[in-house]
$ cat query_24.cif   # mmCIF, C-alpha atoms
data_coords
#
loop_
_atom_site.label_atom_id
_atom_site.label_comp_id
_atom_site.auth_asym_id
_atom_site.auth_seq_id
_atom_site.Cartn_x
_atom_site.Cartn_y
_atom_site.Cartn_z
CA MET A 197 8.76 1.45 -22.42
CA LYS A 198 12.20 -0.16 -22.47
CA SER A 199 14.13 -0.76 -19.28
CA GLY A 200 16.54 1.99 -18.43
CA ASP A 201 18.56 3.47 -15.65
CA MET A 202 16.81 5.40 -12.90
CA SER A 203 17.23 8.77 -14.59
CA VAL A 204 15.42 7.45 -17.67
CA LEU A 205 12.62 6.01 -15.55
CA LEU A 206 12.23 9.15 -13.45
CA ASN A 207 12.11 11.33 -16.54
CA GLY A 208 9.31 9.12 -17.85
CA LEU A 209 7.02 9.68 -14.87
CA THR A 210 3.99 11.21 -16.56
CA ALA A 211 0.61 9.69 -15.84
CA THR A 212 -1.19 8.27 -18.86
CA ARG A 213 -3.72 6.28 -16.80
CA PRO A 214 -6.09 7.67 -14.14
CA VAL A 215 -5.44 6.54 -10.56
CA THR A 216 -7.89 6.29 -7.66
CA VAL A 217 -6.55 5.64 -4.16
CA LEU A 218 -9.25 4.21 -1.90
CA GLY A 219 -8.64 3.53 1.77
CA ALA A 220 -7.71 4.97 5.12
CA ALA A 221 -6.12 8.06 6.59
CA VAL A 222 -5.46 7.49 10.29
CA ILE A 223 -3.19 8.67 13.06
CA ASP A 224 -0.07 6.68 13.97
CA VAL A 225 1.26 7.07 17.50
CA ILE A 226 4.84 5.86 17.01
CA THR A 227 6.62 4.39 20.01
CA GLU A 228 9.95 2.70 20.67
CA ALA A 229 9.76 -0.70 22.35
CA SER A 230 12.70 -2.78 23.54
CA THR A 231 10.64 -5.89 22.81
CA LEU A 232 7.03 -6.87 22.13
CA PRO A 233 4.65 -7.22 25.09
CA PHE A 234 3.59 -10.58 26.46
CA ARG A 235 0.52 -11.45 28.49
CA GLY A 236 0.55 -9.84 31.92
CA CYS A 237 3.65 -7.72 31.32
CA ASP A 238 4.14 -4.02 32.08
CA LEU A 239 6.07 -2.65 29.11
CA GLU A 240 7.61 0.81 29.19
CA LEU A 241 7.32 2.61 25.83
CA LYS A 242 8.99 5.76 24.56
CA GLN A 243 6.78 7.95 22.40
CA ARG A 244 8.62 8.95 19.28
CA SER A 245 6.08 10.90 17.27
CA VAL A 246 2.44 11.30 16.27
CA ASN A 247 2.02 11.09 12.49
CA ILE A 248 -0.70 10.73 9.91
CA GLY A 249 -0.69 7.27 8.38
CA GLY A 250 -2.81 4.56 6.85
CA CYS A 251 -2.01 2.49 3.78
CA ALA A 252 -3.95 4.68 1.37
CA LEU A 253 -2.63 7.91 2.87
CA ASN A 254 0.97 6.73 2.48
CA ILE A 255 0.28 5.75 -1.13
CA ALA A 256 -1.38 9.10 -1.82
CA VAL A 257 1.64 10.94 -0.38
CA THR A 258 4.01 8.88 -2.53
CA LEU A 259 2.07 9.55 -5.73
CA HIS A 260 1.80 13.26 -4.97
CA ARG A 261 5.54 13.59 -4.32
CA LEU A 262 6.29 11.76 -7.55
CA GLY A 263 4.11 14.18 -9.47
CA ILE A 264 1.30 11.70 -10.24
CA ARG A 265 -2.18 13.15 -9.81
CA ALA A 266 -4.68 10.80 -8.17
CA GLN A 267 -8.28 10.84 -6.99
CA ASN A 268 -7.90 10.28 -3.26
CA ALA A 269 -10.87 8.65 -1.53
CA LEU A 270 -9.70 8.83 2.09
CA PRO A 271 -12.68 9.29 4.42
CA VAL A 272 -12.17 12.18 6.84
CA GLY A 273 -14.61 12.56 9.72
CA VAL A 274 -14.99 14.95 12.66
CA GLY A 275 -13.10 14.84 15.93
CA VAL A 276 -9.61 15.17 17.38
CA TRP A 277 -7.95 12.71 15.02
CA ALA A 278 -9.88 13.95 11.98
CA ASP A 279 -8.80 17.54 12.70
CA MET A 280 -5.17 16.45 12.78
CA ILE A 281 -5.59 14.58 9.50
CA THR A 282 -7.33 17.53 7.82
CA THR A 283 -4.48 19.86 8.79
CA ALA A 284 -1.79 17.39 7.74
CA LEU A 285 -3.40 16.71 4.35
CA ALA A 286 -3.62 20.43 3.64
CA GLN A 287 0.06 20.86 4.54
CA ARG A 288 0.96 18.13 2.05
CA GLY A 289 -1.21 19.50 -0.73
CA ILE A 290 -3.45 16.43 -0.74
CA LYS A 291 -7.24 16.51 -0.97
CA SER A 292 -9.75 13.77 -0.20
CA VAL A 293 -13.08 13.62 -1.97
CA ILE A 294 -14.78 11.82 0.94
CA LYS A 295 -15.90 13.84 3.98
CA THR A 296 -18.32 12.62 6.66
CA ASP A 297 -19.79 13.76 9.97
CA THR A 298 -20.53 10.24 11.21
CA GLY A 299 -17.55 9.98 13.56
CA ASP A 300 -13.81 10.39 14.02
CA ASN A 301 -10.94 8.78 12.13
CA GLY A 302 -9.13 5.76 13.49
CA TRP A 303 -5.70 5.62 15.08
CA CYS A 304 -3.09 3.08 16.01
CA ILE A 305 -0.12 2.52 18.27
CA ALA A 306 3.01 1.39 16.42
CA LEU A 307 5.66 -0.41 18.45
CA VAL A 308 9.04 -0.12 16.74
CA GLU A 309 11.70 -2.56 17.93
CA PRO A 310 15.45 -1.80 17.84
CA ASP A 311 15.88 -3.51 14.43
CA GLY A 312 13.22 -1.26 12.88
CA GLU A 313 10.46 -3.87 12.68
CA ARG A 314 7.04 -2.52 13.62
CA THR A 315 3.90 -3.98 15.19
CA PHE A 316 0.53 -2.20 15.06
CA MET A 317 -2.43 -2.12 17.43
CA SER A 318 -5.30 -0.40 15.61
CA PHE A 319 -8.55 1.36 16.52
CA SER A 320 -10.98 1.73 13.61
CA GLY A 321 -12.93 4.86 12.71
CA VAL A 322 -14.90 6.27 9.78
CA GLU A 323 -12.39 4.82 7.29
CA ARG A 324 -14.21 1.49 7.59
CA GLY A 325 -17.69 2.96 7.05
CA TRP A 326 -17.87 2.78 3.26
CA CYS A 327 -21.34 3.23 1.77
CA ASP A 328 -23.00 3.74 -1.62
CA ALA A 329 -23.18 7.51 -1.09
CA TRP A 330 -19.37 7.71 -0.83
CA LEU A 331 -18.76 5.46 -3.82
CA ASN A 332 -21.23 7.41 -5.95
CA GLN A 333 -19.05 10.51 -5.49
CA LEU A 334 -16.12 8.87 -7.27
CA HIS A 335 -15.36 9.36 -10.95
CA VAL A 336 -13.45 6.32 -12.21
CA PRO A 337 -12.88 6.43 -15.98
CA PRO A 338 -12.20 3.28 -18.01
CA GLY A 339 -8.52 2.35 -17.94
CA SER A 340 -8.11 3.44 -14.32
CA LEU A 341 -5.87 1.89 -11.71
CA ILE A 342 -7.65 1.54 -8.35
CA SER A 343 -5.54 1.07 -5.23
CA LEU A 344 -7.16 -0.88 -2.38
CA SER A 345 -6.02 -2.38 0.91
CA GLY A 346 -6.87 -5.58 2.71
CA TYR A 347 -7.93 -3.48 5.69
CA GLN A 348 -11.03 -2.34 3.81
CA LEU A 349 -11.63 -5.59 1.91
CA ALA A 350 -11.56 -7.63 5.14
CA ALA A 351 -13.89 -5.20 6.94
CA PRO A 352 -17.71 -5.41 6.81
CA CYS A 353 -17.60 -2.95 3.90
CA GLY A 354 -15.56 -5.41 1.81
CA GLU A 355 -18.62 -6.91 0.14
CA LEU A 356 -19.84 -3.44 -0.87
CA LEU A 357 -16.46 -2.46 -2.30
CA VAL A 358 -16.11 -5.63 -4.37
CA THR A 359 -19.66 -5.26 -5.70
CA TRP A 360 -18.77 -1.70 -6.72
CA LEU A 361 -15.56 -2.86 -8.44
CA GLU A 362 -17.56 -5.44 -10.38
CA THR A 363 -19.65 -2.64 -11.93
CA LEU A 364 -16.68 -0.64 -13.24
CA PRO A 365 -15.71 -1.21 -16.89
CA ASP A 366 -12.08 -1.76 -17.86
CA VAL A 367 -10.34 -0.94 -14.58
CA THR A 368 -7.38 -2.63 -12.89
CA PRO A 369 -7.48 -3.04 -9.11
CA PHE A 370 -4.08 -2.84 -7.42
CA ILE A 371 -4.35 -4.61 -4.07
CA ASP A 372 -2.01 -4.87 -1.10
CA PHE A 373 -3.81 -7.31 1.20
CA GLY A 374 -1.32 -6.76 4.02
CA PRO A 375 -1.84 -8.74 7.23
CA ARG A 376 -5.60 -8.92 6.60
CA ILE A 377 -5.19 -11.46 3.79
CA GLU A 378 -6.26 -14.26 6.15
CA ASP A 379 -9.40 -12.37 7.22
CA ILE A 380 -11.05 -12.09 3.81
CA PRO A 381 -13.82 -14.71 3.44
CA ALA A 382 -13.09 -17.30 0.75
CA PRO A 383 -16.16 -16.46 -1.41
CA LEU A 384 -15.23 -12.78 -1.40
CA MET A 385 -11.58 -13.57 -2.20
CA THR A 386 -12.77 -15.61 -5.19
CA ARG A 387 -14.72 -12.61 -6.49
CA ILE A 388 -11.74 -10.31 -5.93
CA LEU A 389 -9.38 -12.56 -7.87
CA ARG A 390 -11.87 -12.86 -10.75
CA LEU A 391 -11.28 -9.15 -11.34
CA LYS A 392 -7.65 -9.97 -12.31
CA PRO A 393 -6.08 -7.46 -9.92
CA ILE A 394 -2.39 -6.74 -9.60
CA ILE A 395 -1.51 -8.19 -6.20
CA THR A 396 1.51 -7.19 -4.09
CA LEU A 397 2.55 -9.37 -1.13
CA ASN A 398 5.41 -9.42 1.32
CA ARG A 399 7.15 -12.71 2.06
CA ALA A 400 4.91 -13.57 5.04
CA GLU A 401 1.74 -12.89 3.03
CA ALA A 402 3.15 -14.98 0.17
CA GLU A 403 3.26 -17.96 2.55
CA ILE A 404 -0.44 -17.49 3.28
CA ALA A 405 -1.27 -17.09 -0.42
CA ALA A 406 0.61 -20.31 -1.17
CA GLN A 407 -1.49 -22.12 1.42
CA LEU A 408 -4.66 -20.79 -0.24
CA LEU A 409 -3.48 -22.26 -3.55
CA GLU A 410 -2.22 -25.42 -1.82
CA VAL A 411 1.31 -25.10 -3.21
CA ASP A 412 4.77 -24.56 -1.76
CA VAL A 413 5.69 -20.89 -1.56
CA GLU A 414 8.57 -21.50 -4.00
CA ASN A 415 5.94 -22.41 -6.62
CA LEU A 416 3.51 -19.62 -5.80
CA GLY A 417 4.30 -17.44 -8.84
CA PRO A 418 3.74 -20.07 -11.55
CA ALA A 419 0.75 -21.51 -9.67
CA TRP A 420 -0.74 -18.03 -9.37
CA GLN A 421 -0.47 -17.53 -13.10
CA ALA A 422 -2.00 -20.93 -13.82
CA GLN A 423 -4.89 -20.57 -11.38
CA ILE A 424 -5.49 -16.80 -11.17
CA GLY A 425 -3.92 -15.44 -14.36
CA ALA A 426 -3.11 -12.00 -12.98
CA PRO A 427 0.10 -10.09 -12.13
CA LEU A 428 1.73 -10.90 -8.80
CA ILE A 429 4.51 -9.07 -6.95
CA VAL A 430 6.28 -10.75 -4.03
CA ARG A 431 8.41 -8.34 -1.99
CA HIS A 432 11.45 -9.68 -0.14
CA ASP A 433 12.50 -6.42 1.51
CA ILE A 434 16.32 -6.07 1.35
CA ASP A 435 16.39 -9.08 -0.97
CA GLY A 436 14.41 -7.32 -3.72
CA ALA A 437 11.17 -8.45 -5.34
CA TRP A 438 9.96 -11.15 -7.71
CA PHE A 439 7.17 -10.63 -10.21
CA TYR A 440 5.01 -12.94 -12.29
CA ASP A 441 2.86 -11.75 -15.18
CA GLY A 442 1.62 -14.32 -17.67
CA ASP A 443 4.66 -15.92 -19.29
CA GLU A 444 6.96 -13.22 -17.95
CA GLN A 445 8.63 -13.47 -14.58
CA GLY A 446 11.72 -11.93 -13.08
CA TYR A 447 13.62 -10.49 -10.17
CA VAL A 448 14.23 -6.81 -9.37
CA ALA A 449 17.07 -6.10 -6.96
CA ALA A 450 16.63 -3.88 -3.94
CA PHE A 451 18.56 -0.64 -3.48
CA PRO A 452 21.03 -0.37 -0.59
CA ALA A 453 19.53 1.14 2.55
CA THR A 454 20.27 1.55 6.22
CA VAL A 455 17.05 0.40 7.88
CA VAL A 456 15.87 2.77 10.59
CA ASP A 457 12.10 2.26 10.51
CA THR A 458 9.99 0.01 8.27
CA ILE A 459 6.68 1.84 8.87
CA GLY A 460 5.11 2.72 5.53
CA ALA A 461 7.73 0.91 3.45
CA GLY A 462 5.27 -1.47 1.81
CA ASP A 463 2.76 1.33 1.21
CA SER A 464 5.40 3.59 -0.32
CA HIS A 465 6.60 0.70 -2.47
CA ALA A 466 3.02 0.29 -3.71
CA GLY A 467 2.87 4.03 -4.44
CA GLY A 468 6.05 3.82 -6.47
CA VAL A 469 4.78 0.84 -8.44
CA LEU A 470 1.47 2.60 -9.08
CA ALA A 471 3.29 5.71 -10.28
CA GLY A 472 5.23 3.59 -12.75
CA LEU A 473 2.19 1.69 -13.98
CA ALA A 474 0.21 4.93 -14.36
CA SER A 475 3.07 6.21 -16.52
CA GLY A 476 3.03 3.16 -18.78
CA PHE A 477 6.09 1.42 -17.32
CA ARG A 478 6.63 -2.30 -17.73
CA LEU A 479 5.93 -4.13 -14.47
CA ALA A 480 9.64 -4.74 -13.84
CA ASP A 481 10.45 -1.04 -14.21
CA ALA A 482 7.52 -0.03 -12.00
CA ILE A 483 8.84 -2.39 -9.31
CA LYS A 484 12.33 -0.89 -9.70
CA LEU A 485 10.82 2.51 -8.96
CA GLY A 486 8.96 1.06 -5.98
CA ASN A 487 12.19 -0.47 -4.66
CA ALA A 488 13.95 2.88 -4.93
CA VAL A 489 11.18 4.69 -3.05
CA ALA A 490 11.03 2.04 -0.32
CA ALA A 491 14.80 2.13 0.21
CA MET A 492 14.61 5.84 1.00
CA VAL A 493 11.55 5.41 3.25
CA VAL A 494 13.13 2.75 5.49
CA SER A 495 16.13 5.04 5.95
CA GLN A 496 13.92 7.60 7.74
CA ARG A 497 11.49 7.59 10.65
CA GLY A 498 7.73 7.69 10.12
CA GLY A 499 5.48 6.28 7.40
CA ASP A 500 4.56 9.35 5.34
CA CYS A 501 8.13 10.16 4.32
CA ALA A 502 8.19 9.15 0.67
CA PRO A 503 10.82 11.07 -1.33
CA THR A 504 10.10 13.74 -3.90
CA LEU A 505 11.00 13.25 -7.53
CA ASP A 506 13.97 15.59 -7.14
CA ALA A 507 15.20 13.66 -4.08
CA LEU A 508 15.05 10.42 -6.07
CA ARG A 509 16.95 11.98 -8.94
CA LEU A 510 19.67 13.13 -6.59
CA ALA A 511 19.90 9.85 -4.69
CA TYR A 512 20.02 7.65 -7.78
CA LYS A 513 21.73 9.87 -10.34
CA ASP A 514 24.46 7.28 -10.90
CA VAL A 515 22.25 4.17 -10.86
#

$ encode --input "query_24.cif" --output "structure tokens"
Amino acid sequence: MKSGDMSVLLNGLTATRPVTVLGAAVIDVITEASTLPFRGCDLELKQRSVNIGGCALNIAVTLHRLGIRAQNALPVGVGVWADMITTALAQRGIKSVIKTDTGDNGWCIALVEPDGERTFMSFSGVERGWCDAWLNQLHVPPGSLISLSGYQLAAPCGELLVTWLETLPDVTPFIDFGPRIEDIPAPLMTRILRLKPIITLNRAEAEIAAQLLEVDVENLGPAWQAQIGAPLIVRHDIDGAWFYDGDEQGYVAAFPATVVDTIGAGDSHAGGVLAGLASGFRLADAIKLGNAVAAMVVSQRGGDCAPTLDALRLAYKDV
């Protein structure tokens, strides 16, 4: 597909590759904080909202609102948080193929500072309890894109998930390691990278990846291609994103946005990129779509606020 303006890209959103989204649906308790806590302090917070969240959930919402059908493997348990998630998923028209009675879903407190930056304190639940019985329920055809998060890969279930990925023929993992990139054991990271996944990193995670490859962050892209040989996206927020894919590399500008809340921005960006890749877009065009989605998400409060296809068309009709 040739590069085009946003209307051309949006009109081309029709999935030609299957997508599986594997990961967490949790509850986010969103609070406003004047600053981050320090040891021994007594910080007064203002509760803003209680939302469903989780990397995979935010990606699933984005794909659904862009009209891309996906197999959503978001474990939902039993309990107060799980009941809230079940209701919220039904309201959004999203179904998960993984149900369990082994416990409740996890939750987190998000501290949002005045500039919109967020800090999470998380409590894990059934979303980290992956097992063979759950994986055996999934139908992953050849050619599929599989979205995964560092939260699962760095958890005790990471070894199981990677072993499962290694058995799947002709699939492309799409991985956002997030802040857990440092927590993945080196031998497991080696196995993950052998699968030639598409990796998306923010600028802080790119610094860590550069250290793993023992290069300066400015040389991460070329070094990644030489040593790993798989597509890499490095997100620079309001400064756009760089990509590296074999001999092709480039920069995709960000869309203007008034930042209100960055919760879910990276996840929604990943959902936009996945929607583009599932529709056969070139990597640069898929990132352009991800940038457009993320710009609208950071302009609103909450993480599960990805725009619909019609909202994107209206917002970017002249772009």

$ resolve_selection --input "query_24.cif" --expression "the PyMOL selection byres ((chain A and resi 399-407) around 10)" --output "VMD selection string"
chain A and resid 372 to 378 396 to 398 408 to 417 419 to 420 428 to 433 437

$ residues_around --input "query_24.cif" --residues "Ile281 of chain A" --least-positions-apart "6" --cutoff "12 Å" --atoms "only C-alpha atoms" --output "number ranges by chain"
A: 220-224, 246-250, 253, 270-275, 287-288, 290-292, 295, 300-303

$ atom_distance --input "query_24.cif" --atom1 "atom CA of Lys484 of chain A" --atom2 "atom CA of Ala450 of chain A"
7.8 Å

$ atom_distance --input "query_24.cif" --atom1 "atom CA of Cys251 of chain A" --atom2 "atom CA of Trp326 of chain A"
15.9 Å

$ resolve_selection --input "query_24.cif" --expression "the PyMOL selection byres ((chain A and resi 204) around 12)" --output "mmCIF file with C-alpha atoms, in the frame of the given file"
data_model
loop_
_atom_site.group_PDB
_atom_site.id
_atom_site.type_symbol
_atom_site.label_atom_id
_atom_site.label_comp_id
_atom_site.auth_asym_id
_atom_site.auth_seq_id
_atom_site.Cartn_x
_atom_site.Cartn_y
_atom_site.Cartn_z
ATOM 1 C CA MET A 197 8.760 1.450 -22.420
ATOM 2 C CA LYS A 198 12.200 -0.160 -22.470
ATOM 3 C CA SER A 199 14.130 -0.760 -19.280
ATOM 4 C CA GLY A 200 16.540 1.990 -18.430
ATOM 5 C CA ASP A 201 18.560 3.470 -15.650
ATOM 6 C CA MET A 202 16.810 5.400 -12.900
ATOM 7 C CA SER A 203 17.230 8.770 -14.590
ATOM 8 C CA LEU A 205 12.620 6.010 -15.550
ATOM 9 C CA LEU A 206 12.230 9.150 -13.450
ATOM 10 C CA ASN A 207 12.110 11.330 -16.540
ATOM 11 C CA GLY A 208 9.310 9.120 -17.850
ATOM 12 C CA LEU A 209 7.020 9.680 -14.870
ATOM 13 C CA GLY A 472 5.230 3.590 -12.750
ATOM 14 C CA PHE A 477 6.090 1.420 -17.320
ATOM 15 C CA ASP A 481 10.450 -1.040 -14.210
ATOM 16 C CA LYS A 484 12.330 -0.890 -9.700
ATOM 17 C CA LEU A 485 10.820 2.510 -8.960
ATOM 18 C CA LEU A 508 15.050 10.420 -6.070
ATOM 19 C CA ARG A 509 16.950 11.980 -8.940
ATOM 20 C CA TYR A 512 20.020 7.650 -7.780
ATOM 21 C CA LYS A 513 21.730 9.870 -10.340
ATOM 22 C CA ASP A 514 24.460 7.280 -10.900
ATOM 23 C CA VAL A 515 22.250 4.170 -10.860
#

$ residues_around --input "query_24.cif" --residues "Val455 of chain A" --least-positions-apart "2" --cutoff "6 Å" --atoms "all atoms listed in the file" --output "list in words"
Ala453, Asp457, Val494 and Ser495 of chain A

$ closest_residue --input "query_24.cif" --among "A:Phe370, A:Phe234, A:Phe316, A:Trp360" --to "Val215 of chain A" --atoms "all atoms listed in the file"
A:Phe370

$ atom_distance --input "query_24.cif" --atom1 "atom CA of Asp379 of chain A" --atom2 "atom CA of Ala350 of chain A"
5.6 Å

$ resolve_selection --input "query_24.cif" --expression "the PyMOL selection byres ((chain A and resi 465) around 7)" --output "JSON, numbers by chain"
{"A": [461, 462, 463, 464, 466, 467, 468, 469, 486, 487, 489, 490]}

$ closest_residue --input "query_24.cif" --among "A:Ala507, A:Val358, A:Val367, A:Ile395" --to "Leu331 of chain A" --atoms "only C-alpha atoms"
A:Val358

$ closest_residue --input "query_24.cif" --among "A:Arg387, A:Val493, A:Glu309, A:Gly339" --to "Pro233 of chain A" --atoms "all atoms listed in the file"
A:Glu309

$ closest_residue --input "query_24.cif" --among "A:Met385, A:Val293, A:Leu232, A:Cys237" --to "Gly346 of chain A" --atoms "only C-alpha atoms"
A:Met385

$ residues_around --input "query_24.cif" --residues "Met317 of chain A" --least-positions-apart "4" --cutoff "7 Å" --atoms "only C-alpha atoms" --output "ChimeraX atom specification"
/A:304-306

$ closest_residue --input "query_24.cif" --among "A:Leu505, A:Ile388, A:Val322, A:Leu344" --to "Asp297 of chain A" --atoms "only C-alpha atoms"
A:Val322

$ closest_residue --input "query_24.cif" --among "A:Gln496, A:Ser340, A:Thr368, A:Ser318" --to "Ile459 of chain A" --atoms "all atoms listed in the file"
A:Gln496

$ decode --input "query_24.cif" --residues "segment 289-309 of chain A" --atoms "N, CA, C and O atoms" --output "short mmCIF file (atom, residue, chain, number, x, y, z; two decimals), in the first residue's frame"
data_model
loop_
_atom_site.label_atom_id
_atom_site.label_comp_id
_atom_site.auth_asym_id
_atom_site.auth_seq_id
_atom_site.Cartn_x
_atom_site.Cartn_y
_atom_site.Cartn_z
N GLY A 289 -18.78 -3.93 23.75
CA GLY A 289 -18.92 -4.90 22.67
C GLY A 289 -17.70 -5.78 22.47
O GLY A 289 -17.46 -6.28 21.38
N ILE A 290 -16.94 -5.98 23.55
CA ILE A 290 -15.71 -6.76 23.47
C ILE A 290 -15.88 -8.05 24.27
O ILE A 290 -16.39 -8.04 25.39
N LYS A 291 -15.43 -9.16 23.69
CA LYS A 291 -15.50 -10.45 24.36
C LYS A 291 -14.10 -11.01 24.57
O LYS A 291 -13.22 -10.84 23.73
N SER A 292 -13.91 -11.67 25.71
CA SER A 292 -12.67 -12.38 25.97
C SER A 292 -12.93 -13.87 25.93
O SER A 292 -13.96 -14.35 26.41
N VAL A 293 -11.98 -14.61 25.36
CA VAL A 293 -12.15 -16.06 25.26
C VAL A 293 -11.62 -16.79 26.50
O VAL A 293 -11.76 -18.01 26.60
N ILE A 294 -11.04 -16.05 27.44
CA ILE A 294 -10.46 -16.67 28.63
C ILE A 294 -11.26 -16.28 29.87
O ILE A 294 -11.29 -15.11 30.26
N LYS A 295 -11.91 -17.26 30.50
CA LYS A 295 -12.63 -17.06 31.76
C LYS A 295 -12.07 -18.05 32.78
O LYS A 295 -11.72 -19.18 32.44
N THR A 296 -12.00 -17.63 34.04
CA THR A 296 -11.44 -18.49 35.08
C THR A 296 -12.12 -18.21 36.42
O THR A 296 -12.57 -17.08 36.66
N ASP A 297 -12.17 -19.22 37.27
CA ASP A 297 -12.73 -19.05 38.61
C ASP A 297 -11.65 -19.14 39.68
O ASP A 297 -11.93 -19.39 40.85
N THR A 298 -10.39 -18.91 39.28
CA THR A 298 -9.27 -19.08 40.20
C THR A 298 -8.97 -17.84 41.04
O THR A 298 -8.10 -17.88 41.91
N GLY A 299 -9.67 -16.75 40.81
CA GLY A 299 -9.41 -15.54 41.58
C GLY A 299 -9.94 -14.31 40.88
O GLY A 299 -10.63 -14.39 39.85
N ASP A 300 -9.63 -13.15 41.44
CA ASP A 300 -10.11 -11.87 40.91
C ASP A 300 -9.07 -11.27 39.97
O ASP A 300 -7.90 -11.70 39.94
N ASN A 301 -9.49 -10.28 39.21
CA ASN A 301 -8.56 -9.54 38.36
C ASN A 301 -7.74 -8.55 39.18
O ASN A 301 -8.11 -8.19 40.30
N GLY A 302 -6.65 -8.11 38.61
CA GLY A 302 -5.79 -7.16 39.29
C GLY A 302 -6.30 -5.73 39.16
O GLY A 302 -7.28 -5.45 38.45
N TRP A 303 -5.63 -4.82 39.87
CA TRP A 303 -6.01 -3.42 39.81
C TRP A 303 -4.78 -2.57 40.09
O TRP A 303 -3.73 -3.09 40.51
N CYS A 304 -4.87 -1.30 39.82
CA CYS A 304 -3.74 -0.43 40.07
C CYS A 304 -4.22 0.96 40.45
O CYS A 304 -5.35 1.36 40.14
N ILE A 305 -3.34 1.68 41.12
CA ILE A 305 -3.56 3.10 41.39
C ILE A 305 -2.67 3.88 40.44
O ILE A 305 -1.47 3.64 40.35
N ALA A 306 -3.27 4.80 39.69
CA ALA A 306 -2.52 5.65 38.78
C ALA A 306 -2.46 7.07 39.35
O ALA A 306 -3.51 7.66 39.62
N LEU A 307 -1.26 7.57 39.56
CA LEU A 307 -1.06 8.93 40.04
C LEU A 307 -0.75 9.81 38.84
O LEU A 307 0.28 9.62 38.18
N VAL A 308 -1.63 10.75 38.55
CA VAL A 308 -1.46 11.63 37.40
C VAL A 308 -1.02 13.01 37.91
O VAL A 308 -1.73 13.65 38.68
N GLU A 309 0.15 13.44 37.47
CA GLU A 309 0.69 14.73 37.89
C GLU A 309 0.09 15.85 37.02
O GLU A 309 -0.53 15.58 35.98
#
